[in-house]
Amino acid sequence: MVCPLGIIGRMLTQYHIEIMLASLGNRFSPRAMSVIVQANVNQDRIAGQFGHDEFHFDNNAFDKSYAYIEEQRALVISSLKSGDANTAWQAFGRFTHTAQDFYAHSNYITLWVNRFEGQTLPPPPEVDPMDPILIASPDLRSGKVYFPLELLYFFPRTRQFSLRHLPKDSHAWMNLDTPEQGIKFDYAMHAAIKRTVIEFEKTTEGFSEEMCRLFLDNKSR
(Lines give C-alpha, C1' and ligand atoms only; values in the text may rest on other atoms or scores of the structure.)
Protein backbone atom coordinates (compact mmCIF):
# COMPACT_ATOMS: atom_id res chain seq x y z
CA MET A 1 0.00 0.00 0.00
CA VAL A 2 1.37 3.39 -0.94
CA CYS A 3 1.27 6.04 1.74
CA PRO A 4 -0.70 9.14 0.63
CA LEU A 5 2.31 11.25 1.60
CA GLY A 6 4.27 9.36 -1.04
CA ILE A 7 1.59 10.08 -3.63
CA ILE A 8 1.64 13.79 -2.84
CA GLY A 9 5.43 13.74 -2.99
CA ARG A 10 5.37 12.30 -6.50
CA MET A 11 2.82 14.89 -7.58
CA LEU A 12 5.09 17.69 -6.39
CA THR A 13 8.06 15.97 -8.01
CA GLN A 14 6.25 15.98 -11.35
CA TYR A 15 5.92 19.78 -11.34
CA HIS A 16 9.52 20.45 -10.31
CA ILE A 17 10.67 18.20 -13.16
CA GLU A 18 8.40 20.07 -15.58
CA ILE A 19 9.84 23.39 -14.42
CA MET A 20 13.43 22.21 -14.87
CA LEU A 21 12.83 20.81 -18.35
CA ALA A 22 10.80 23.80 -19.52
CA SER A 23 13.39 26.29 -18.30
CA LEU A 24 16.76 24.63 -18.91
CA GLY A 25 16.16 21.29 -20.59
CA ASN A 26 17.92 22.34 -23.78
CA ARG A 27 20.97 23.89 -22.08
CA PHE A 28 22.47 20.93 -20.23
CA SER A 29 23.44 17.48 -21.43
CA PRO A 30 21.02 14.68 -20.48
CA ARG A 31 23.58 13.41 -17.98
CA ALA A 32 23.91 16.79 -16.26
CA MET A 33 20.17 17.41 -16.26
CA SER A 34 19.53 14.01 -14.70
CA VAL A 35 21.78 14.83 -11.73
CA ILE A 36 20.34 18.35 -11.39
CA VAL A 37 16.74 17.13 -11.44
CA GLN A 38 17.42 14.37 -8.93
CA ALA A 39 19.03 16.82 -6.51
CA ASN A 40 16.13 19.22 -7.04
CA VAL A 41 13.37 16.74 -6.23
CA ASN A 42 15.35 15.20 -3.36
CA GLN A 43 14.69 18.40 -1.42
CA ASP A 44 11.12 17.13 -0.97
CA ARG A 45 12.18 13.87 0.66
CA ILE A 46 10.86 13.33 4.19
CA ALA A 47 14.18 14.36 5.77
CA GLY A 48 14.00 17.65 3.89
CA GLN A 49 10.55 18.49 5.24
CA PHE A 50 11.52 18.73 8.92
CA GLY A 51 13.79 21.44 10.27
CA HIS A 52 14.65 22.79 6.83
CA ASP A 53 12.43 25.80 6.23
CA GLU A 54 15.24 27.26 4.12
CA PHE A 55 14.77 24.51 1.52
CA HIS A 56 11.22 25.64 0.77
CA PHE A 57 10.72 29.26 1.90
CA ASP A 58 8.45 27.92 4.66
CA ASN A 59 7.57 29.64 7.96
CA ASN A 60 8.54 33.08 6.61
CA ALA A 61 12.18 31.98 6.45
CA PHE A 62 12.99 34.41 3.66
CA ASP A 63 16.43 35.46 4.85
CA LYS A 64 17.47 31.87 5.56
CA SER A 65 16.21 30.72 2.17
CA TYR A 66 18.01 33.49 0.29
CA ALA A 67 21.18 32.69 2.23
CA TYR A 68 20.80 29.00 1.35
CA ILE A 69 20.48 29.85 -2.34
CA GLU A 70 23.67 31.91 -2.25
CA GLU A 71 25.51 29.24 -0.26
CA GLN A 72 24.65 26.62 -2.85
CA ARG A 73 25.46 28.98 -5.72
CA ALA A 74 28.90 29.54 -4.22
CA LEU A 75 29.31 25.76 -4.04
CA VAL A 76 28.49 25.50 -7.75
CA ILE A 77 31.24 27.96 -8.57
CA SER A 78 33.89 26.55 -6.24
CA SER A 79 33.16 23.00 -7.41
CA LEU A 80 33.54 23.91 -11.07
CA LYS A 81 36.80 25.71 -10.36
CA SER A 82 38.12 22.48 -8.86
CA GLY A 83 36.78 20.42 -11.78
CA ASP A 84 33.95 18.73 -9.83
CA ALA A 85 30.94 19.03 -12.12
CA ASN A 86 28.82 16.48 -10.27
CA THR A 87 28.89 18.44 -7.00
CA ALA A 88 28.10 21.62 -8.95
CA TRP A 89 25.07 20.00 -10.60
CA GLN A 90 23.78 18.76 -7.25
CA ALA A 91 24.15 22.20 -5.64
CA PHE A 92 22.42 23.84 -8.58
CA GLY A 93 19.53 21.37 -8.36
CA ARG A 94 19.13 22.00 -4.65
CA PHE A 95 18.94 25.75 -4.80
CA THR A 96 16.73 25.92 -7.89
CA HIS A 97 14.20 23.86 -5.93
CA THR A 98 14.24 26.54 -3.24
CA ALA A 99 13.84 29.35 -5.77
CA GLN A 100 10.93 27.52 -7.40
CA ASP A 101 9.19 26.92 -4.06
CA PHE A 102 9.13 30.66 -3.40
CA TYR A 103 6.13 30.96 -5.72
CA ALA A 104 4.26 27.91 -4.44
CA HIS A 105 4.85 28.50 -0.73
CA SER A 106 4.52 32.28 -0.41
CA ASN A 107 1.77 34.74 -1.26
CA TYR A 108 3.87 36.46 -3.95
CA ILE A 109 1.54 35.26 -6.72
CA THR A 110 -1.52 36.40 -4.77
CA LEU A 111 0.00 39.86 -4.31
CA TRP A 112 0.85 40.02 -8.02
CA VAL A 113 -2.62 38.91 -9.12
CA ASN A 114 -4.31 41.34 -6.71
CA ARG A 115 -2.68 44.24 -8.53
CA PHE A 116 -5.07 43.64 -11.41
CA GLU A 117 -8.28 43.75 -9.41
CA GLY A 118 -10.97 45.26 -11.61
CA GLN A 119 -8.80 44.82 -14.71
CA THR A 120 -8.15 42.04 -17.17
CA LEU A 121 -5.65 39.68 -15.59
CA PRO A 122 -2.65 39.02 -17.86
CA PRO A 123 -2.18 35.38 -18.86
CA PRO A 124 0.18 33.25 -16.70
CA PRO A 125 3.18 33.50 -19.10
CA GLU A 126 3.26 37.26 -18.46
CA VAL A 127 3.80 36.97 -14.70
CA ASP A 128 6.75 38.96 -13.36
CA PRO A 129 8.76 36.64 -11.09
CA MET A 130 11.01 39.32 -9.63
CA ASP A 131 8.92 42.42 -8.96
CA PRO A 132 11.13 44.34 -6.50
CA ILE A 133 8.17 46.05 -4.84
CA LEU A 134 6.44 42.78 -4.09
CA ILE A 135 9.62 41.03 -2.98
CA ALA A 136 10.24 43.83 -0.48
CA SER A 137 6.59 44.18 0.50
CA PRO A 138 5.75 44.01 4.20
CA ASP A 139 2.71 41.96 3.15
CA LEU A 140 4.86 39.18 1.70
CA ARG A 141 4.72 36.01 3.78
CA SER A 142 5.05 32.26 3.38
CA GLY A 143 2.98 29.43 4.76
CA LYS A 144 3.61 28.28 8.30
CA VAL A 145 3.81 24.56 8.94
CA TYR A 146 1.69 23.59 11.95
CA PHE A 147 2.69 20.10 13.04
CA PRO A 148 1.14 17.65 13.63
CA LEU A 149 -2.20 18.94 12.31
CA GLU A 150 -0.60 19.98 9.03
CA LEU A 151 0.16 16.33 8.25
CA LEU A 152 -3.55 15.56 8.02
CA TYR A 153 -3.76 17.87 5.00
CA PHE A 154 -1.84 15.33 2.91
CA PHE A 155 -4.39 12.58 3.48
CA PRO A 156 -7.51 12.97 1.28
CA ARG A 157 -9.85 11.67 3.99
CA THR A 158 -8.64 14.15 6.59
CA ARG A 159 -7.83 17.13 4.36
CA GLN A 160 -11.05 19.03 4.97
CA PHE A 161 -10.79 18.39 8.71
CA SER A 162 -7.29 19.87 8.76
CA LEU A 163 -8.35 22.90 6.74
CA ARG A 164 -11.20 23.59 9.15
CA HIS A 165 -8.79 23.68 12.06
CA LEU A 166 -5.63 25.18 10.54
CA PRO A 167 -5.06 28.97 10.47
CA LYS A 168 -5.27 30.75 7.13
CA ASP A 169 -1.52 31.45 7.27
CA SER A 170 -0.73 27.73 7.22
CA HIS A 171 1.03 25.97 4.37
CA ALA A 172 -2.12 23.92 3.82
CA TRP A 173 -4.16 27.02 3.04
CA MET A 174 -1.49 29.02 1.21
CA ASN A 175 0.32 26.49 -0.99
CA LEU A 176 0.13 26.51 -4.78
CA ASP A 177 1.77 23.10 -5.11
CA THR A 178 -0.79 21.47 -7.43
CA PRO A 179 -3.44 22.42 -10.01
CA GLU A 180 -6.08 21.71 -7.35
CA GLN A 181 -5.25 25.13 -5.91
CA GLY A 182 -6.80 26.87 -8.91
CA ILE A 183 -5.61 29.34 -11.53
CA LYS A 184 -2.83 30.73 -9.34
CA PHE A 185 -0.99 27.42 -9.77
CA ASP A 186 -0.39 28.29 -13.44
CA TYR A 187 1.08 31.64 -12.46
CA ALA A 188 3.32 29.96 -9.88
CA MET A 189 4.55 27.50 -12.50
CA HIS A 190 5.40 30.19 -15.06
CA ALA A 191 7.05 32.35 -12.40
CA ALA A 192 9.15 29.38 -11.28
CA ILE A 193 10.21 28.65 -14.86
CA LYS A 194 11.29 32.25 -15.40
CA ARG A 195 13.05 32.37 -12.02
CA THR A 196 15.01 29.21 -12.82
CA VAL A 197 16.35 30.83 -15.99
CA ILE A 198 17.25 33.95 -13.99
CA GLU A 199 19.13 31.84 -11.44
CA PHE A 200 20.97 30.00 -14.20
CA GLU A 201 22.05 33.26 -15.83
CA LYS A 202 23.11 34.76 -12.49
CA THR A 203 25.11 31.66 -11.64
CA THR A 204 26.90 31.36 -14.98
CA GLU A 205 27.69 35.07 -15.34
CA GLY A 206 31.44 35.43 -15.51
CA PHE A 207 32.11 31.71 -16.00
CA SER A 208 35.28 30.85 -17.85
CA GLU A 209 35.01 28.77 -21.01
CA GLU A 210 36.17 25.69 -19.08
CA MET A 211 33.62 26.23 -16.31
CA CYS A 212 30.86 26.53 -18.90
CA ARG A 213 32.01 23.35 -20.60
CA LEU A 214 32.03 21.43 -17.31
CA PHE A 215 28.70 22.81 -16.11
CA LEU A 216 26.78 22.24 -19.34
CA ASP A 217 28.62 18.94 -19.91
CA ASN A 218 29.22 19.73 -23.56
CA LYS A 219 31.46 16.70 -24.12
CA SER A 220 28.62 14.24 -23.56
CA ARG A 221 26.27 15.85 -26.07
# chains A, B, ... in the order shown; residues from 1 in each chain; ligands from 1
>>> residues_around(residues="Ser170 in chain A", least_positions_apart="2", cutoff="9 Å", atoms="only C-alpha atoms", output="MDAnalysis selection string")
chainID A and resid 59 142:146 150 166:168 172:175
>>> residues_around(residues="Phe55 in chain A", least_positions_apart="6", cutoff="7 Å", atoms="only C-alpha atoms", output="PyMOL selection string")
chain A and resi 43+65+98
>>> atom_distance(atom1="CA of Ser106 in chain A", atom2="CA of Asp44 in chain A")
16.5 Å
>>> closest_residue(among="A:Asp217, A:His171, A:Ser79, A:Glu70", to="Phe154 in chain A", atoms="only C-alpha atoms")
A:His171
>>> select_by_dssp(residues="range 38-123 of chain A", states="helix (DSSP H, G or I)", output="number ranges by chain")
A: 38-42, 46-48, 53-55, 62-81, 85-105, 108-114
>>> residues_around(residues="Val35 in chain A", least_positions_apart="4", cutoff="8 Å", atoms="only C-alpha atoms", output="ChimeraX atom specification")
/A:31,39,86,89-90,93
>>> closest_residue(among="A:Phe92, A:Phe116, A:Tyr66, A:Phe215", to="Met20 in chain A", atoms="only C-alpha atoms")
A:Phe92
>>> residues_around(residues="Val37 in chain A", least_positions_apart="4", cutoff="12 Å", atoms="only C-alpha atoms", output="ChimeraX atom specification")
/A:13-21,23-25,28,30-33,41-44,89-97
